[in-house]
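Peer 1: Can you keep this structure in mind? I'll have questions shortly.
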Amino acid sequence: MKVSQLMLFGIFFIGTSAVEAQEKTSLTLDVAIHLAWKNSNEVSLANTKVATKKYELQSTKNNQYPDLKVSGQYQRLAKASIDLKINKSATSQALPVVDQLMIGQVNASVPVFAGFKIQNSIKAYENLYQAQTATASQTKEEVAMKVVNHYADLYKAQKTLELLKENQKRAQQRATDFSDLEKNGIIPRNDLLKSQLQVSKIQLSIDEAAKNLNIVNFYIVTLLKLPAGTKLEIKESDFANFQMDNIPTNDEPALQNRKDLEAVRFQGKASQANIKIAKSAYYPSIAIIGGYTAIDLKNVITVQNAMNIGVGVSYDLSTIIKNGTTVKIAESKALEVQNSEAMLTDYIKLEVQNAIEDYDLALKQNDVYIQAVEQSSENYRIIKDKYDNGLSDTNDLLEADVEQLGSKINKALAKANIIQKYYELLSVTGQLSQSFNLSKI
C-alpha cells in the first residue's frame with residue numbers, strides 16, 4: 001500500500017513538474033516577429049486591402065474587353081386586334097389569330113476610343129495597387145517594431161525581477177543578522193528597523209516588476225495569438241554577443257527604402273492618371289457595335305438573321321462647360337499628394353536623425369553603466385569594511401547597497417536598450433523587415 005502511495009506521489013510530482021516546465025515558453029525575437037506577421041490582425045487587414053486593390057485593378061482592366069449582351073422575350077397576346085395596312089383587299093381572307101410574340105437579340109459593343117480613359121484608369125489602379133502593397137509592407141515594419149519593443153521590455157522586466165530577488169535574499173539575510181545583533185545589544189533597534197524597511201521596499205519593487213512582466217507578457221501573447229496563459233521567457237543568450245551590422249548613419253537609406261514614402265509616391269502617380277481621366281471627358285466616345293435579332297409574331301411575321309454592324313459615337317456637349325471643375329479637383333488632389341510626400345520626407349529625416357542620436361546615446365550610456373557597476377561594487381565593499389569596523393553607519397551601508405543594485409540593473413538593461421535602439425534605427429530607415437529574412441538572434 002505504501003509503495004502504491006509513493007508511486008502515485010511520484011507520478012503526481014512528475015506531472016506537476018511537467019506542467020510547470022510547460023508554463024515557460026522560450027521564444028526568439030526572429031520567431032516572434034514571423035509569428036506576428038502570420039497571426040496579427042494588422043498584417044491580416046493590410047493583406048486583405050492589397051487583395052481588394054488587386055480585384056479592383058482586374059475589374060478596371062475588364063473595361064477594355066467587349067460588352068456582349070443576350071436578351072429574349074416571350075409574350076402571350078390576348079385577342080390581339082390586327083389591321084394590316086398593306087396588301088389589303090375586300091376579298092382577303094380572315095386574319096390569323098395572333099396570340100404570342102417572341103423576340104431574341106444579341107448585342108456586342110467594342111470600345112475603340114474613350115479619350116484614353118480606359119488606359120489611364122488602368123494606370124491609376126495599378127499605382128493604387130502598388131501603393132497598397134507598399135502600405136502592407138510598412139505595416140509589417142510597424143508590427144515587427146512593436147514586437148521588438150515588447151520583446152525588449154519583457155527582457156528588461158524579467159532581468160529586473162531577477163536582480164531584485166537576488167538583492168532581496170541579501171537584504172533578508174542582513175535583516176536576520178541585524179536581528180541577532182540587536183538581541184545581543186550590539187546594534188541599536190533603529191538599525192534593525194532600517195534593514196527591515198529596506199526588505200519591505202525591495203518587496204514592493206519586486207511586486208511592481210512582476211506586474212510589469214505580466215503586462216508585457218500579455219501584450220506579446222495577444223499580439224502573436226498564442227494560447228491564453230502562455231508565459232514567455234527570454235534567454236540571456238538572445239542578447240549576448242549580438243552583432244549589429246550595416247548601421248545607418250544618414251537618411252539616404254530611409255528615402256530609398258521607406259515603404260510609407262513609396263506608397264505616397266505611387267499615390268502621386270495615380271493622381272496624375274486621375275487628371276488624365278478627368279480630361280478624357282472632353283473627347284467623344286467611339287465604339288464598334290454589332291448585333292443579331294430574331295422576331296416571331298405567330299401567324300404574321302418571322303424575322304431571322306437580322307444582323308447589324310456599325311460605329312457608335314457619343315459626346316456629352318455639357319462637359320465643355322462642366323468638366324473644367326472636375327479637372328481642377330483632380331489637379332488639386334494631385335497637389336495634396338505632392339505636399340503629403342514633401343511633409344513625409346521631412347518627417348522621415350527627423351525620425352532618422354533622432355534614431356541615430358538615440359542609438360549613439362545608448363552606446364554611451366552602456367559604457368557609463370559598466371563603469372558604474374565597478375564603482376558601486378567597490379564602493380559597497382569599502383563601506384561594508386568600514387561598517388564592520390565601526391567606521392560607517394547603517395545608512396551608508398544601505399545606501400551603498402541600493403546604489404549597487406541600481407547600477408547592476410542599469411547595466412543589465414543597457415544591452416537590451418542598445419539592441420532596441422538599433423532596431424528602431426533600422427525601422428525608421430525601412431530596413432527592419434529585411435533584417436529578419438534571415439534569423440539574427
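Each chain in the C-alpha cells gets a letter, A, B and so on, in the order shown; residues start at 1 in every chain, and ligands are counted from 1 in the order they appear.
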Pick out each residue of region 84-297 of chain A that DSSP on the backbone tags as strand (DSSP E); I need them as number ranges by chain.
Peer 2: A: 100-113, 231-233, 285-297
Peer 1: From the options A:Thr326, A:Thr160, A:Thr293, A:Gln132, which residue's atoms come nearest to Val106 (chain A), counting only C-alpha atoms?
Peer 2: A:Thr293
Peer 1: With only C-alpha atoms as the counted atoms, please give the residues lying no more than 12 Å from Asp401 (chain A), apart from itself and same-chain residues fewer than 5 positions off, as a list in words.
Peer 2: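 Within the cut-off, the hits are Leu164, Asn167, Gln168, Arg170, Ala171, Arg174, Ser195, Gln198, Val199, Ile202, Val373, Ser376, Ser377, Glu378, Asn379, Tyr380, Arg381, Ile382, Ile383, Lys384, Thr394, Asn395, Asp396, Gly406, Ser407 and Lys408 of chain A.
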Peer 1: So that I can see what lies close to Arg189 (chain A), please list as a list in words the residues with an atom at most 12 Å from it, counting only C-alpha atoms and leaving out residues fewer than 6 positions away in the same chain.
Peer 2: Ala175, Phe178, Ser179, Asp180, Leu181, Glu182, Lys183, Ser195, Gln196 and Thr394 of chain A
Peer 1: Okay, now the selection with N, CA and C atoms, as a compact mmCIF listing (two decimals), in the first residue's frame?
Peer 2:
```txt
# COMPACT_ATOMS: atom_id res chain seq x y z
N ALA A 175 18.89 41.54 7.40
CA ALA A 175 17.90 41.79 8.44
C ALA A 175 17.95 40.71 9.52
N PHE A 178 21.05 41.41 11.57
CA PHE A 178 20.83 42.57 12.41
C PHE A 178 19.92 42.23 13.59
N SER A 179 18.97 41.33 13.34
CA SER A 179 18.07 40.93 14.42
C SER A 179 18.84 40.27 15.55
N ASP A 180 19.79 39.39 15.17
CA ASP A 180 20.62 38.73 16.19
C ASP A 180 21.51 39.73 16.91
N LEU A 181 22.07 40.68 16.13
CA LEU A 181 22.93 41.69 16.74
C LEU A 181 22.16 42.59 17.68
N GLU A 182 20.93 42.91 17.30
CA GLU A 182 20.10 43.78 18.15
C GLU A 182 19.72 43.07 19.44
N LYS A 183 19.45 41.75 19.36
CA LYS A 183 19.11 40.99 20.56
C LYS A 183 20.29 40.95 21.54
N SER A 195 17.02 48.08 8.26
CA SER A 195 17.27 46.93 7.40
C SER A 195 15.96 46.23 7.02
N GLN A 196 15.04 46.16 7.99
CA GLN A 196 13.74 45.55 7.69
C GLN A 196 12.92 46.41 6.73
N THR A 394 24.74 52.48 9.47
CA THR A 394 23.81 51.66 8.70
C THR A 394 23.29 52.40 7.48
```
Peer 1: From a DSSP calculation on the backbone, collect every residue of region 146-288 of chain A in helix (DSSP H, G or I) and output the set as an MDAnalysis selection string.
Peer 2: chainID A and resid 146:183 189:224 236:238 252:257 259:282
Peer 1: Given the selection you just returned, output its residues as a file containing C-alpha atoms, formatted as a compact mmCIF listing (two decimals), in the first residue's frame.
Peer 2:
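Result saved to selection-v7.txt:
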```txt
# COMPACT_ATOMS: atom_id res chain seq x y z
CA LYS A 146 6.11 46.61 -31.93
CA VAL A 147 7.30 43.05 -31.28
CA VAL A 148 10.90 44.27 -30.80
CA ASN A 149 9.76 46.82 -28.20
CA HIS A 150 7.62 44.29 -26.33
CA TYR A 151 10.39 41.70 -26.53
CA ALA A 152 12.97 44.11 -25.12
CA ASP A 153 10.55 45.31 -22.42
CA LEU A 154 9.86 41.69 -21.44
CA TYR A 155 13.58 41.01 -21.12
CA LYS A 156 14.07 44.18 -19.08
CA ALA A 157 11.22 43.29 -16.73
CA GLN A 158 12.47 39.72 -16.43
CA LYS A 159 16.05 40.82 -15.71
CA THR A 160 14.94 43.49 -13.24
CA LEU A 161 12.85 40.96 -11.33
CA GLU A 162 15.78 38.54 -11.26
CA LEU A 163 18.21 41.11 -9.83
CA LEU A 164 15.67 42.34 -7.30
CA LYS A 165 15.13 38.80 -6.00
CA GLU A 166 18.89 38.32 -5.68
CA ASN A 167 19.15 41.57 -3.74
CA GLN A 168 16.16 40.57 -1.64
CA LYS A 169 17.97 37.47 -0.41
CA ARG A 170 20.93 39.56 0.69
CA ALA A 171 18.65 42.13 2.33
CA GLN A 172 16.73 39.41 4.18
CA GLN A 173 19.95 37.84 5.39
CA ARG A 174 21.16 41.25 6.56
CA ALA A 175 17.90 41.79 8.44
CA THR A 176 18.30 38.38 10.07
CA ASP A 177 21.87 39.18 11.10
CA PHE A 178 20.83 42.57 12.41
CA SER A 179 18.07 40.93 14.42
CA ASP A 180 20.62 38.73 16.19
CA LEU A 181 22.93 41.69 16.74
CA GLU A 182 20.10 43.78 18.15
CA LYS A 183 19.11 40.99 20.56
CA ARG A 189 16.98 48.74 17.30
CA ASN A 190 16.82 51.63 14.86
CA ASP A 191 19.42 49.93 12.61
CA LEU A 192 17.37 46.73 12.62
CA LEU A 193 14.25 48.66 11.59
CA LYS A 194 16.15 50.30 8.76
CA SER A 195 17.27 46.93 7.40
CA GLN A 196 13.74 45.55 7.69
CA LEU A 197 12.36 48.64 5.95
CA GLN A 198 14.74 48.03 3.05
CA VAL A 199 13.42 44.46 2.76
CA SER A 200 9.90 45.87 2.51
CA LYS A 201 10.92 48.38 -0.15
CA ILE A 202 12.57 45.65 -2.19
CA GLN A 203 9.40 43.57 -1.92
CA LEU A 204 7.37 46.48 -3.26
CA SER A 205 9.81 46.80 -6.17
CA ILE A 206 9.52 43.07 -6.85
CA ASP A 207 5.73 43.29 -6.92
CA GLU A 208 5.92 46.24 -9.34
CA ALA A 209 8.39 44.41 -11.58
CA ALA A 210 6.23 41.28 -11.56
CA LYS A 211 3.21 43.36 -12.59
CA ASN A 212 5.16 44.92 -15.46
CA LEU A 213 6.37 41.48 -16.53
CA ASN A 214 2.83 40.11 -16.62
CA ILE A 215 1.52 43.08 -18.60
CA VAL A 216 4.24 42.91 -21.25
CA ASN A 217 3.85 39.12 -21.45
CA PHE A 218 0.13 39.58 -22.04
CA TYR A 219 0.79 42.12 -24.80
CA ILE A 220 3.09 39.75 -26.68
CA VAL A 221 0.86 36.70 -26.24
CA THR A 222 -2.13 38.69 -27.53
CA LEU A 223 -0.20 40.14 -30.46
CA LEU A 224 1.16 36.74 -31.53
CA GLU A 236 20.18 35.60 -21.88
CA SER A 237 21.83 34.15 -24.98
CA ASP A 238 19.36 36.02 -27.19
CA GLU A 252 19.64 58.11 -47.59
CA PRO A 253 18.56 54.50 -46.85
CA ALA A 254 15.26 55.80 -45.45
CA LEU A 255 14.45 57.82 -48.58
CA GLN A 256 15.16 54.72 -50.67
CA ASN A 257 13.56 52.02 -48.52
CA LYS A 259 7.51 51.83 -47.70
CA ASP A 260 5.19 54.59 -46.49
CA LEU A 261 7.09 57.06 -48.66
CA GLU A 262 6.94 54.62 -51.56
CA ALA A 263 3.18 54.32 -51.08
CA VAL A 264 2.76 58.11 -51.27
CA ARG A 265 4.82 58.21 -54.46
CA PHE A 266 2.59 55.61 -56.08
CA GLN A 267 -0.44 57.60 -54.96
CA GLY A 268 1.11 60.60 -56.71
CA LYS A 269 1.37 58.64 -59.95
CA ALA A 270 -2.24 57.54 -59.56
CA SER A 271 -3.33 61.16 -59.05
CA GLN A 272 -1.62 62.16 -62.29
CA ALA A 273 -3.52 59.41 -64.08
CA ASN A 274 -6.74 60.68 -62.50
CA ILE A 275 -6.12 64.10 -64.04
CA LYS A 276 -5.94 62.48 -67.47
CA ILE A 277 -9.12 60.54 -66.70
CA ALA A 278 -10.90 63.79 -65.87
CA LYS A 279 -9.70 65.37 -69.11
CA SER A 280 -10.90 62.38 -71.13
CA ALA A 281 -14.46 63.72 -70.83
CA TYR A 282 -13.51 66.40 -73.38
```
Peer 1: Env of Ile118 (chain A): 12 Å cut, atoms = only C-alpha atoms, seq-sep filter 2 positions within chain, self excluded. Answer as a list in words.
Peer 2: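 Once the adjacent positions are removed, what remains is Leu57, Ser59, Thr60, Lys61, Asn62, Asn63, Gln64, Tyr65, Pro111, Val112, Phe113, Ala114, Gly115, Phe116, Asn120, Ser121, Ile122, Lys123, Ala124, Tyr125, Ala273, Asn274, Lys276, Ile277, Ala278, Ser280, Ala281 and Ser285 of chain A.
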Peer 1: Generate a file of the selected residues that holds N, CA, C and O atoms, formatted as an mmCIF file, in the first residue's frame.
Peer 2:
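Output file part-v5.cif follows:
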```
data_model
loop_
_atom_site.group_PDB
_atom_site.id
_atom_site.type_symbol
_atom_site.label_atom_id
_atom_site.label_comp_id
_atom_site.auth_asym_id
_atom_site.auth_seq_id
_atom_site.Cartn_x
_atom_site.Cartn_y
_atom_site.Cartn_z
ATOM 1 N N LEU A 57 -8.222 46.441 -59.657
ATOM 2 C CA LEU A 57 -7.401 46.589 -60.864
ATOM 3 C C LEU A 57 -7.889 45.652 -61.958
ATOM 4 O O LEU A 57 -8.025 46.064 -63.117
ATOM 5 N N SER A 59 -10.868 44.427 -62.284
ATOM 6 C CA SER A 59 -12.166 44.903 -62.743
ATOM 7 C C SER A 59 -12.015 46.049 -63.735
ATOM 8 O O SER A 59 -12.752 46.134 -64.725
ATOM 9 N N THR A 60 -11.039 46.941 -63.482
ATOM 10 C CA THR A 60 -10.794 48.057 -64.400
ATOM 11 C C THR A 60 -10.263 47.565 -65.734
ATOM 12 O O THR A 60 -10.642 48.072 -66.795
ATOM 13 N N LYS A 61 -9.401 46.571 -65.708
ATOM 14 C CA LYS A 61 -8.863 46.017 -66.955
ATOM 15 C C LYS A 61 -9.961 45.370 -67.798
ATOM 16 O O LYS A 61 -9.888 45.350 -69.034
ATOM 17 N N ASN A 62 -10.986 44.870 -67.134
ATOM 18 C CA ASN A 62 -12.083 44.223 -67.864
ATOM 19 C C ASN A 62 -12.860 45.211 -68.740
ATOM 20 O O ASN A 62 -13.557 44.797 -69.683
ATOM 21 N N ASN A 63 -12.737 46.504 -68.454
ATOM 22 C CA ASN A 63 -13.461 47.511 -69.233
ATOM 23 C C ASN A 63 -12.963 47.620 -70.667
ATOM 24 O O ASN A 63 -13.657 48.175 -71.526
ATOM 25 N N GLN A 64 -11.764 47.105 -70.948
ATOM 26 C CA GLN A 64 -11.239 47.190 -72.303
ATOM 27 C C GLN A 64 -11.709 46.030 -73.185
ATOM 28 O O GLN A 64 -11.439 46.010 -74.379
ATOM 29 N N TYR A 65 -12.427 45.107 -72.593
ATOM 30 C CA TYR A 65 -12.937 43.971 -73.354
ATOM 31 C C TYR A 65 -14.348 44.270 -73.867
ATOM 32 O O TYR A 65 -15.060 45.102 -73.308
ATOM 33 N N PRO A 111 -15.216 48.877 -77.267
ATOM 34 C CA PRO A 111 -14.727 50.253 -77.135
ATOM 35 C C PRO A 111 -13.487 50.477 -77.993
ATOM 36 O O PRO A 111 -12.554 49.676 -77.980
ATOM 37 N N VAL A 112 -13.496 51.550 -78.743
ATOM 38 C CA VAL A 112 -12.362 51.884 -79.602
ATOM 39 C C VAL A 112 -11.603 53.096 -79.061
ATOM 40 O O VAL A 112 -10.371 53.096 -78.969
ATOM 41 N N PHE A 113 -12.339 54.101 -78.646
ATOM 42 C CA PHE A 113 -11.710 55.322 -78.142
ATOM 43 C C PHE A 113 -12.633 55.979 -77.120
ATOM 44 O O PHE A 113 -13.821 56.133 -77.372
ATOM 45 N N ALA A 114 -12.056 56.312 -75.964
ATOM 46 C CA ALA A 114 -12.839 57.000 -74.926
ATOM 47 C C ALA A 114 -12.010 58.103 -74.302
ATOM 48 O O ALA A 114 -12.050 58.330 -73.089
ATOM 49 N N GLY A 115 -11.226 58.779 -75.134
ATOM 50 C CA GLY A 115 -10.384 59.846 -74.608
ATOM 51 C C GLY A 115 -9.269 59.331 -73.720
ATOM 52 O O GLY A 115 -8.850 60.023 -72.799
ATOM 53 N N PHE A 116 -8.808 58.091 -73.968
ATOM 54 C CA PHE A 116 -7.753 57.442 -73.182
ATOM 55 C C PHE A 116 -8.176 57.191 -71.735
ATOM 56 O O PHE A 116 -7.332 57.000 -70.860
ATOM 57 N N ASN A 120 -5.854 55.124 -68.866
ATOM 58 C CA ASN A 120 -5.439 55.879 -67.676
ATOM 59 C C ASN A 120 -6.079 55.334 -66.399
ATOM 60 O O ASN A 120 -5.478 55.420 -65.322
ATOM 61 N N SER A 121 -7.275 54.789 -66.530
ATOM 62 C CA SER A 121 -7.902 54.158 -65.363
ATOM 63 C C SER A 121 -7.092 52.945 -64.925
ATOM 64 O O SER A 121 -6.899 52.710 -63.722
ATOM 65 N N ILE A 122 -6.616 52.176 -65.884
ATOM 66 C CA ILE A 122 -5.780 51.016 -65.566
ATOM 67 C C ILE A 122 -4.484 51.468 -64.889
ATOM 68 O O ILE A 122 -4.057 50.887 -63.880
ATOM 69 N N LYS A 123 -3.867 52.525 -65.421
ATOM 70 C CA LYS A 123 -2.635 53.044 -64.807
ATOM 71 C C LYS A 123 -2.899 53.523 -63.380
ATOM 72 O O LYS A 123 -2.092 53.290 -62.476
ATOM 73 N N ALA A 124 -4.017 54.192 -63.187
ATOM 74 C CA ALA A 124 -4.340 54.708 -61.853
ATOM 75 C C ALA A 124 -4.478 53.563 -60.853
ATOM 76 O O ALA A 124 -3.911 53.605 -59.749
ATOM 77 N N TYR A 125 -5.215 52.525 -61.237
ATOM 78 C CA TYR A 125 -5.424 51.413 -60.312
ATOM 79 C C TYR A 125 -4.179 50.558 -60.141
ATOM 80 O O TYR A 125 -3.976 49.957 -59.073
ATOM 81 N N ALA A 273 -2.645 60.150 -63.164
ATOM 82 C CA ALA A 273 -3.523 59.405 -64.084
ATOM 83 C C ALA A 273 -4.966 59.861 -63.940
ATOM 84 O O ALA A 273 -5.718 59.927 -64.924
ATOM 85 N N ASN A 274 -5.372 60.204 -62.720
ATOM 86 C CA ASN A 274 -6.744 60.676 -62.496
ATOM 87 C C ASN A 274 -6.998 62.017 -63.189
ATOM 88 O O ASN A 274 -8.121 62.301 -63.609
ATOM 89 N N LYS A 276 -5.708 62.852 -66.077
ATOM 90 C CA LYS A 276 -5.943 62.481 -67.471
ATOM 91 C C LYS A 276 -7.329 61.858 -67.653
ATOM 92 O O LYS A 276 -7.977 62.051 -68.683
ATOM 93 N N ILE A 277 -7.765 61.120 -66.642
ATOM 94 C CA ILE A 277 -9.116 60.539 -66.703
ATOM 95 C C ILE A 277 -10.156 61.649 -66.727
ATOM 96 O O ILE A 277 -11.133 61.593 -67.490
ATOM 97 N N ALA A 278 -9.968 62.666 -65.907
ATOM 98 C CA ALA A 278 -10.902 63.790 -65.871
ATOM 99 C C ALA A 278 -10.928 64.529 -67.214
ATOM 100 O O ALA A 278 -11.995 64.923 -67.706
ATOM 101 N N SER A 280 -10.383 63.231 -70.057
ATOM 102 C CA SER A 280 -10.903 62.376 -71.130
ATOM 103 C C SER A 280 -12.351 62.701 -71.478
ATOM 104 O O SER A 280 -12.824 62.374 -72.569
ATOM 105 N N ALA A 281 -13.065 63.361 -70.559
ATOM 106 C CA ALA A 281 -14.461 63.717 -70.833
ATOM 107 C C ALA A 281 -14.574 64.751 -71.943
ATOM 108 O O ALA A 281 -15.664 64.947 -72.500
ATOM 109 N N SER A 285 -16.708 59.445 -77.261
ATOM 110 C CA SER A 285 -16.518 58.004 -77.095
ATOM 111 C C SER A 285 -16.928 57.309 -78.381
ATOM 112 O O SER A 285 -18.001 57.577 -78.932
#
```
Peer 1: In Å, with one decimal, what is the gap from CA of Ala287 (chain A) to CA of Gly312 (chain A)?
Peer 2: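 About the pair CA of Ala287 (chain A) and CA of Gly312 (chain A): they are 5.2 Å apart.
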Peer 1: Which neighbours of region 30-42 of chain A fall inside 10 Å, counting only C-alpha atoms, when residues of the same chain fewer than 2 positions from it are skipped, and could you give them as number ranges by chain?
Peer 2: A: 27-28, 44-48, 136, 139-148, 151, 220-226, 433, 435-441
Peer 1: Which one of A:Leu335, A:Ile309, A:Ile301, A:Val428 sits closest to Ile348 (chain A) if you count only C-alpha atoms?
Peer 2: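 Ranking A:Leu335, A:Ile309, A:Ile301, A:Val428 by distance to Ile348 (chain A), first place goes to A:Val428.
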Peer 1: Counting only C-alpha atoms, which of A:Val352, A:Ile295, A:Ile329, A:Leu68 gets nearest to Ile247 (chain A)?
Peer 2: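 Among the listed residues, the smallest separation from Ile247 (chain A) belongs to A:Val352.
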Peer 1: Tell me which of A:Gln420, A:Gln243, A:Ile187, A:Lys298 sits closest to Arg76 (chain A), counting only C-alpha atoms.
Peer 2: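 Of the candidates, the smallest distance to Arg76 (chain A) is held by A:Lys298.
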Peer 1: Take CA of Val300 (chain A) and CA of Gln105 (chain A) and report the distance between them in Å, one decimal.
Peer 2: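 Distance between the two atoms: 19.4 Å.
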Peer 1: Please measure the separation of CA of Leu29 (chain A) and CA of Leu425 (chain A), giving the value in Å to one decimal.
Peer 2: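 Straight-line distance from CA of Leu29 (chain A) to CA of Leu425 (chain A) works out to 16.7 Å.
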